[in-house]
>>> print(open('work-v2.txt').read())   # compact mmCIF, C-alpha atoms
# COMPACT_ATOMS: atom_id res chain seq x y z
CA MET A 1 0.00 0.00 0.00
CA ASN A 2 2.79 2.40 0.95
CA ARG A 3 4.61 1.54 -2.25
CA PHE A 4 1.45 2.27 -4.27
CA LEU A 5 1.01 5.65 -2.57
CA LEU A 6 4.64 6.48 -3.18
CA LEU A 7 4.16 5.62 -6.87
CA LEU A 8 1.11 7.86 -7.11
CA ALA A 9 2.97 10.67 -5.37
CA GLY A 10 5.85 10.29 -7.78
CA LEU A 11 3.54 10.38 -10.79
CA PHE A 12 1.78 13.45 -9.41
CA SER A 13 5.08 15.27 -8.84
CA ALA A 14 6.26 14.42 -12.32
CA THR A 15 3.00 15.67 -13.83
CA VAL A 16 3.24 18.94 -11.91
CA ALA A 17 6.86 19.38 -12.95
CA MET A 18 6.06 18.72 -16.59
CA SER A 19 3.11 21.13 -16.47
CA THR A 20 5.28 23.84 -14.90
CA PHE A 21 8.01 23.27 -17.48
CA ALA A 22 5.49 23.49 -20.33
CA ALA A 23 3.92 26.63 -18.89
CA ASP A 24 7.29 28.33 -18.43
CA HIS A 25 8.35 27.56 -21.98
CA ALA A 26 4.99 28.53 -23.42
CA ALA A 27 5.28 31.89 -21.69
CA ALA A 28 8.88 32.47 -22.76
CA PRO A 29 9.19 34.79 -25.78
CA PRO A 30 10.65 33.33 -28.97
CA LYS A 31 14.38 33.80 -29.39
CA ALA A 32 15.31 36.95 -31.29
CA ASP A 33 17.07 36.70 -34.65
CA PRO A 34 19.67 39.48 -35.06
CA ALA A 35 20.18 38.54 -38.71
CA LYS A 36 16.56 39.32 -39.49
CA GLY A 37 16.87 42.50 -37.47
CA GLN A 38 19.87 43.52 -39.53
CA GLN A 39 17.85 43.29 -42.74
CA ILE A 40 15.28 45.74 -41.37
CA ALA A 41 17.98 47.98 -39.91
CA ALA A 42 19.81 48.19 -43.23
CA THR A 43 16.73 49.04 -45.28
CA VAL A 44 14.68 51.16 -42.85
CA CYS A 45 16.42 52.19 -39.62
CA ALA A 46 19.64 53.18 -41.40
CA ALA A 47 18.05 56.34 -42.78
CA CYS A 48 18.07 57.93 -39.32
CA HIS A 49 20.29 55.78 -37.10
CA ASN A 50 22.82 54.36 -39.62
CA ALA A 51 22.93 50.67 -40.41
CA ASP A 52 25.03 49.85 -37.33
CA GLY A 53 23.08 52.09 -34.97
CA ASN A 54 25.77 54.76 -34.76
CA SER A 55 23.74 57.79 -35.76
CA THR A 56 25.67 60.88 -36.79
CA ILE A 57 22.77 63.27 -36.19
CA SER A 58 22.22 64.31 -32.58
CA ALA A 59 18.44 64.41 -32.92
CA ASN A 60 18.51 60.67 -33.64
CA PRO A 61 19.94 58.63 -30.75
CA LYS A 62 22.72 56.09 -31.05
CA LEU A 63 21.21 52.62 -30.80
CA ALA A 64 24.42 50.60 -31.05
CA GLY A 65 25.19 48.75 -27.83
CA GLN A 66 21.90 49.69 -26.19
CA HIS A 67 20.22 46.98 -24.12
CA ALA A 68 17.84 44.92 -26.25
CA GLU A 69 15.15 45.03 -23.56
CA TYR A 70 15.18 48.81 -23.51
CA LEU A 71 15.09 49.10 -27.29
CA LEU A 72 12.15 46.71 -27.47
CA LYS A 73 10.26 48.66 -24.80
CA GLN A 74 10.77 51.95 -26.65
CA MET A 75 9.58 50.49 -29.95
CA GLU A 76 6.52 49.04 -28.24
CA ASN A 77 5.85 52.41 -26.60
CA PHE A 78 6.06 54.18 -29.97
CA LYS A 79 3.41 51.85 -31.40
CA ALA A 80 -0.29 52.63 -31.05
CA GLU A 81 -2.33 49.59 -30.07
CA GLY A 82 -6.04 48.88 -29.72
CA GLY A 83 -7.11 52.35 -30.74
CA LYS A 84 -5.11 53.87 -27.88
CA PRO A 85 -2.43 56.54 -28.49
CA PRO A 86 1.20 55.44 -28.13
CA LEU A 87 2.86 55.87 -24.76
CA ARG A 88 5.74 57.73 -26.40
CA THR A 89 5.08 60.34 -29.07
CA ASN A 90 7.37 61.02 -32.01
CA ALA A 91 5.86 61.63 -35.42
CA VAL A 92 8.59 59.76 -37.31
CA MET A 93 8.89 56.77 -34.98
CA ASN A 94 5.13 56.43 -34.49
CA ALA A 95 4.72 56.11 -38.25
CA MET A 96 7.76 53.89 -38.84
CA ILE A 97 7.17 51.31 -36.13
CA GLY A 98 3.49 50.76 -36.84
CA ALA A 99 4.17 48.16 -39.53
CA TYR A 100 6.26 45.84 -37.36
CA SER A 101 5.24 42.94 -35.16
CA VAL A 102 6.63 42.32 -31.68
CA GLU A 103 8.79 39.54 -33.14
CA GLN A 104 10.30 41.89 -35.71
CA MET A 105 10.89 44.57 -33.10
CA ARG A 106 12.61 41.97 -30.93
CA ASP A 107 14.88 41.07 -33.86
CA ILE A 108 15.75 44.73 -34.47
CA ALA A 109 16.52 45.25 -30.79
CA ALA A 110 18.74 42.17 -30.70
CA TYR A 111 20.70 43.34 -33.74
CA PHE A 112 21.40 46.86 -32.48
CA SER A 113 22.30 45.61 -29.00
CA GLU A 114 25.11 43.55 -30.53
CA GLN A 115 26.69 46.49 -32.34
CA THR A 116 29.59 48.49 -30.92
CA GLN A 117 28.81 52.07 -29.99
CA LYS A 118 31.01 54.87 -31.28
CA GLY A 119 30.69 57.18 -28.31
CA GLU A 120 30.57 60.94 -28.27
CA MET A 121 32.78 63.29 -26.25
CA ALA A 122 32.10 65.93 -23.61
CA LYS A 123 32.56 69.36 -25.18
CA ASN A 124 32.26 71.96 -22.43
CA ARG A 125 35.39 72.02 -20.26
CA ASP A 126 33.85 74.64 -17.99
CA THR A 127 31.08 72.33 -16.76
CA ILE A 128 32.82 68.92 -16.73
CA GLU A 129 33.41 68.87 -12.97
CA TYR A 130 29.92 70.18 -12.27
CA GLY A 131 28.34 67.57 -14.52
CA GLN A 132 30.51 64.85 -12.99
CA ARG A 133 29.46 65.84 -9.48
CA LEU A 134 25.79 65.78 -10.38
CA TYR A 135 26.14 62.46 -12.18
CA ARG A 136 28.03 60.77 -9.35
CA ALA A 137 26.46 62.33 -6.27
CA GLY A 138 23.35 64.28 -7.30
CA ASP A 139 22.35 67.15 -5.02
CA GLN A 140 21.15 66.09 -1.60
CA THR A 141 20.00 69.60 -0.70
CA LYS A 142 17.06 69.25 -3.07
CA GLY A 143 16.66 65.50 -3.17
CA LEU A 144 18.26 65.05 -6.59
CA PRO A 145 19.62 61.49 -6.81
CA ALA A 146 22.87 60.57 -8.51
CA CYS A 147 22.46 59.45 -12.12
CA ALA A 148 25.09 56.77 -11.43
CA SER A 149 22.81 55.08 -8.89
CA CYS A 150 20.70 53.75 -11.77
CA HIS A 151 22.84 54.10 -14.89
CA GLY A 152 26.14 53.05 -13.34
CA PRO A 153 29.50 54.83 -13.03
CA THR A 154 30.22 54.54 -16.77
CA GLY A 155 26.67 55.08 -17.97
CA ALA A 156 26.36 51.44 -19.04
CA GLY A 157 22.99 51.04 -17.32
CA ILE A 158 21.50 47.74 -16.20
CA PRO A 159 19.78 45.43 -18.72
CA VAL A 160 15.98 45.30 -18.36
CA LEU A 161 15.96 48.06 -15.73
CA PHE A 162 17.94 51.08 -16.94
CA PRO A 163 19.26 52.07 -20.39
CA ARG A 164 22.81 52.74 -21.42
CA ILE A 165 23.36 56.49 -21.65
CA GLY A 166 27.16 56.77 -21.71
CA GLY A 167 28.50 57.96 -25.08
CA GLN A 168 25.11 59.21 -26.24
CA PHE A 169 24.73 62.60 -27.90
CA SER A 170 24.63 65.31 -25.23
CA GLU A 171 21.96 67.12 -27.26
CA TYR A 172 19.75 64.03 -27.25
CA ILE A 173 20.17 63.44 -23.51
CA GLU A 174 19.41 67.10 -22.84
CA ALA A 175 16.29 66.99 -25.00
CA GLN A 176 14.97 63.88 -23.24
CA LEU A 177 15.57 65.34 -19.77
CA ARG A 178 13.70 68.47 -20.79
CA ASN A 179 10.87 66.34 -22.21
CA PHE A 180 10.63 64.35 -18.98
CA ARG A 181 10.64 67.57 -16.94
CA ALA A 182 7.84 69.07 -19.04
CA GLY A 183 5.86 65.82 -19.04
CA ASP A 184 6.08 65.60 -22.84
CA ARG A 185 7.71 62.22 -22.41
CA ALA A 186 5.91 60.00 -19.93
CA ASN A 187 6.85 56.40 -20.66
CA ASP A 188 9.17 56.06 -17.66
CA PRO A 189 8.02 53.39 -15.15
CA ASN A 190 6.68 54.87 -11.92
CA LYS A 191 7.52 58.38 -13.18
CA MET A 192 11.15 57.79 -12.17
CA MET A 193 12.73 60.10 -14.74
CA ARG A 194 10.01 62.72 -14.47
CA MET A 195 10.54 62.93 -10.71
CA VAL A 196 14.29 63.38 -11.28
CA ALA A 197 14.12 65.84 -14.17
CA ILE A 198 11.60 68.11 -12.47
CA LYS A 199 14.23 68.87 -9.83
CA MET A 200 16.84 69.91 -12.39
CA THR A 201 17.58 73.39 -13.71
CA ASP A 202 18.50 74.08 -17.32
CA ALA A 203 22.14 74.50 -16.30
CA GLU A 204 22.17 71.17 -14.45
CA ILE A 205 20.56 69.35 -17.36
CA LYS A 206 23.07 70.78 -19.82
CA ALA A 207 26.08 70.04 -17.61
CA VAL A 208 25.16 66.45 -16.83
CA SER A 209 24.18 65.75 -20.46
CA ASP A 210 27.57 66.95 -21.67
CA TYR A 211 29.35 64.84 -19.05
CA VAL A 212 27.35 61.73 -19.99
CA ALA A 213 28.41 62.04 -23.63
CA GLY A 214 32.02 61.41 -22.63
CA LEU A 215 31.40 58.40 -20.40
CA ARG A 216 32.85 55.03 -21.35
>>> encode(input="work-v2.txt", output="C-alpha cells")
Amino acid sequence: MNRFLLLLAGLFSATVAMSTFAADHAAAPPKADPAKGQQIAATVCAACHNADGNSTISANPKLAGQHAEYLLKQMENFKAEGGKPPLRTNAVMNAMIGAYSVEQMRDIAAYFSEQTQKGEMAKNRDTIEYGQRLYRAGDQTKGLPACASCHGPTGAGIPVLFPRIGGQFSEYIEAQLRNFRAGDRANDPNKMMRMVAIKMTDAEIKAVSDYVAGLR
C-alpha cells in the first residue's frame, strides 16, 4: 500500500513538474534573430540611425550597444495599439514602427544591441566637474539622486531596468531630460525620470548631459 502511494505521489510530482516546465516555456518569448533584425535595420532604420546604430545626427539617438530590452520597450511604446495613443510620441517613430510585429521589433533590438557604440565626447570644459558631481552624487540639498545610482559609473545602465546612456549625444540626452521635466515624455516606469528631471535646472541638465556624452 505504501509503495502504491509512493508511486502515485511520484507520478503526481512528475506531472506537476512537466506542467510547470510546459507553462514556463509557453510563456517564454521566442528567441530573437539578429540577422533578421539587420535586414530591417539596413533598409529602414539606417536612414536615421545608420545601419550599425551609430547615428551621426544628434536628434537621432545612437542605438548601437543599447540593451535589447530597452530598445524593445521603446519600440513598443512608440506603437499605437487597440485604438489607444502610443505611450511615447514622435511623429517619425510612431509612423515607422506601426508596420512591425513584436517579433520583428525583438529582432531589431537584438541586432542593435550587438553592435559596438562609437561614443561621443564631452565638449564643455567649464562644466565637466559640475556635470561629474551631479552624475556621481546628485544634489542632496534638493533630493536630486545621482544618475550613477541607476545608470552606473560609466553610464552602461542595467539590462531590463535602466538604459545605457554613456557615449550618447549630449543634445539628445538634454532633449529627453527636458521632455521628462515638461511631461512631454511619460513612458518612464513609476515616473522615475520625471521625478528626477523636475528637480533639475536648465544648467544642471546641460552640464550632466555633456558629461554623460564622454562616459565610457
>>> closest_residue(input="work-v2.txt", among="A:Ala41, A:Ile165, A:Leu177, A:Ala109", to="Ala213 in chain A", atoms="only C-alpha atoms")
A:Ile165
>>> atom_distance(input="work-v2.txt", atom1="CA of Gly65 in chain A", atom2="CA of Tyr100 in chain A")
21.4 Å
>>> closest_residue(input="work-v2.txt", among="A:Gln117, A:Gly83, A:Tyr211, A:Arg88", to="Glu129 in chain A", atoms="all atoms listed in the file")
A:Tyr211
>>> closest_residue(input="work-v2.txt", among="A:Asn50, A:Ala64, A:Lys84, A:Gly37", to="Pro163 in chain A", atoms="only C-alpha atoms")
A:Ala64
>>> residues_near_point(input="work-v2.txt", point="(22.3, 63.0, -17.8)", cutoff="7 Å", atoms="all atoms listed in the file", output="list in words")
Tyr135, Cys147, Ile173, Ile205, Val208, Ser209 and Val212 of chain A
>>> atom_distance(input="work-v2.txt", atom1="CA of Ser113 in chain A", atom2="CA of Gln66 in chain A")
5.0 Å
>>> atom_distance(input="work-v2.txt", atom1="CA of Gly214 in chain A", atom2="CA of Ala51 in chain A")
22.7 Å
>>> residues_around(input="work-v2.txt", residues="Lys62 in chain A", least_positions_apart="6", cutoff="9 Å", atoms="all atoms listed in the file", output="mmCIF file with C-alpha atoms, in the frame of the given file")
data_model
loop_
_atom_site.group_PDB
_atom_site.id
_atom_site.type_symbol
_atom_site.label_atom_id
_atom_site.label_comp_id
_atom_site.auth_asym_id
_atom_site.auth_seq_id
_atom_site.Cartn_x
_atom_site.Cartn_y
_atom_site.Cartn_z
ATOM 1 C CA HIS A 49 20.290 55.780 -37.100
ATOM 2 C CA ASN A 50 22.820 54.360 -39.620
ATOM 3 C CA GLY A 53 23.080 52.090 -34.970
ATOM 4 C CA ASN A 54 25.770 54.760 -34.760
ATOM 5 C CA SER A 55 23.740 57.790 -35.760
ATOM 6 C CA THR A 56 25.670 60.880 -36.790
ATOM 7 C CA GLN A 117 28.810 52.070 -29.990
ATOM 8 C CA LYS A 118 31.010 54.870 -31.280
ATOM 9 C CA GLY A 119 30.690 57.180 -28.310
ATOM 10 C CA GLY A 167 28.500 57.960 -25.080
ATOM 11 C CA GLN A 168 25.110 59.210 -26.240
ATOM 12 C CA PHE A 169 24.730 62.600 -27.900
#
>>> residues_around(input="work-v2.txt", residues="Val92 in chain A", least_positions_apart="4", cutoff="10 Å", atoms="only C-alpha atoms", output="list in words")
Cys48, Phe78, Met96 and Ile97 of chain A
>>> axis_aligned_box(input="work-v2.txt", around="range 62-77 of chain A", padding_each_side="6 Å", output="JSON")
{"center_x": 15.5, "center_y": 50.5, "center_z": -27.3, "size_x": 31.3, "size_y": 23.2, "size_z": 19.5}
>>> residues_near_point(input="work-v2.txt", point="(16.1, 72.1, -3.9)", cutoff="12 Å", atoms="all atoms listed in the file", output="PDB file with C-alpha atoms, in the frame of the given file")
ATOM      1  CA  GLY A 138      23.350  64.280  -7.300  1.00  0.00           C
ATOM      2  CA  ASP A 139      22.350  67.150  -5.020  1.00  0.00           C
ATOM      3  CA  GLN A 140      21.150  66.090  -1.600  1.00  0.00           C
ATOM      4  CA  THR A 141      20.000  69.600  -0.700  1.00  0.00           C
ATOM      5  CA  LYS A 142      17.060  69.250  -3.070  1.00  0.00           C
ATOM      6  CA  GLY A 143      16.660  65.500  -3.170  1.00  0.00           C
ATOM      7  CA  LEU A 144      18.260  65.050  -6.590  1.00  0.00           C
ATOM      8  CA  PRO A 145      19.620  61.490  -6.810  1.00  0.00           C
ATOM      9  CA  VAL A 196      14.290  63.380 -11.280  1.00  0.00           C
ATOM     10  CA  ILE A 198      11.600  68.110 -12.470  1.00  0.00           C
ATOM     11  CA  LYS A 199      14.230  68.870  -9.830  1.00  0.00           C
ATOM     12  CA  MET A 200      16.840  69.910 -12.390  1.00  0.00           C
ATOM     13  CA  THR A 201      17.580  73.390 -13.710  1.00  0.00           C
TER      14      THR A 201
END
>>> closest_residue(input="work-v2.txt", among="A:Leu87, A:Ile158, A:Leu63, A:Ile108", to="Ala42 in chain A", atoms="only C-alpha atoms")
A:Ile108
>>> closest_residue(input="work-v2.txt", among="A:Asp33, A:Asp210, A:Asp107, A:Asp184", to="Thr127 in chain A", atoms="only C-alpha atoms")
A:Asp210
>>> residues_around(input="work-v2.txt", residues="Glu76 in chain A", least_positions_apart="3", cutoff="8 Å", atoms="only C-alpha atoms", output="short mmCIF file (atom, residue, chain, number, x, y, z; two decimals) with C-alpha atoms, in the coordinates of the input")
data_model
loop_
_atom_site.label_atom_id
_atom_site.label_comp_id
_atom_site.auth_asym_id
_atom_site.auth_seq_id
_atom_site.Cartn_x
_atom_site.Cartn_y
_atom_site.Cartn_z
CA LEU A 72 12.15 46.71 -27.47
CA LYS A 73 10.26 48.66 -24.80
CA LYS A 79 3.41 51.85 -31.40
CA VAL A 102 6.63 42.32 -31.68
CA MET A 105 10.89 44.57 -33.10
#
>>> closest_residue(input="work-v2.txt", among="A:Met195, A:Ala137, A:Met121, A:Ala175", to="Leu215 in chain A", atoms="all atoms listed in the file")
A:Met121
>>> decode(input="work-v2.txt", residues="range 151-162 of chain A", atoms="C-alpha atoms", output="CSV table (one decimal), in the first residue's frame")
chain,number,residue,atom,x,y,z
A,151,HIS,CA,22.8,54.1,-14.9
A,152,GLY,CA,26.1,53.1,-13.3
A,153,PRO,CA,29.5,54.8,-13.0
A,154,THR,CA,30.2,54.5,-16.8
A,155,GLY,CA,26.7,55.1,-18.0
A,156,ALA,CA,26.4,51.4,-19.0
A,157,GLY,CA,23.0,51.0,-17.3
A,158,ILE,CA,21.5,47.7,-16.2
A,159,PRO,CA,19.8,45.4,-18.7
A,160,VAL,CA,16.0,45.3,-18.4
A,161,LEU,CA,16.0,48.1,-15.7
A,162,PHE,CA,17.9,51.1,-16.9
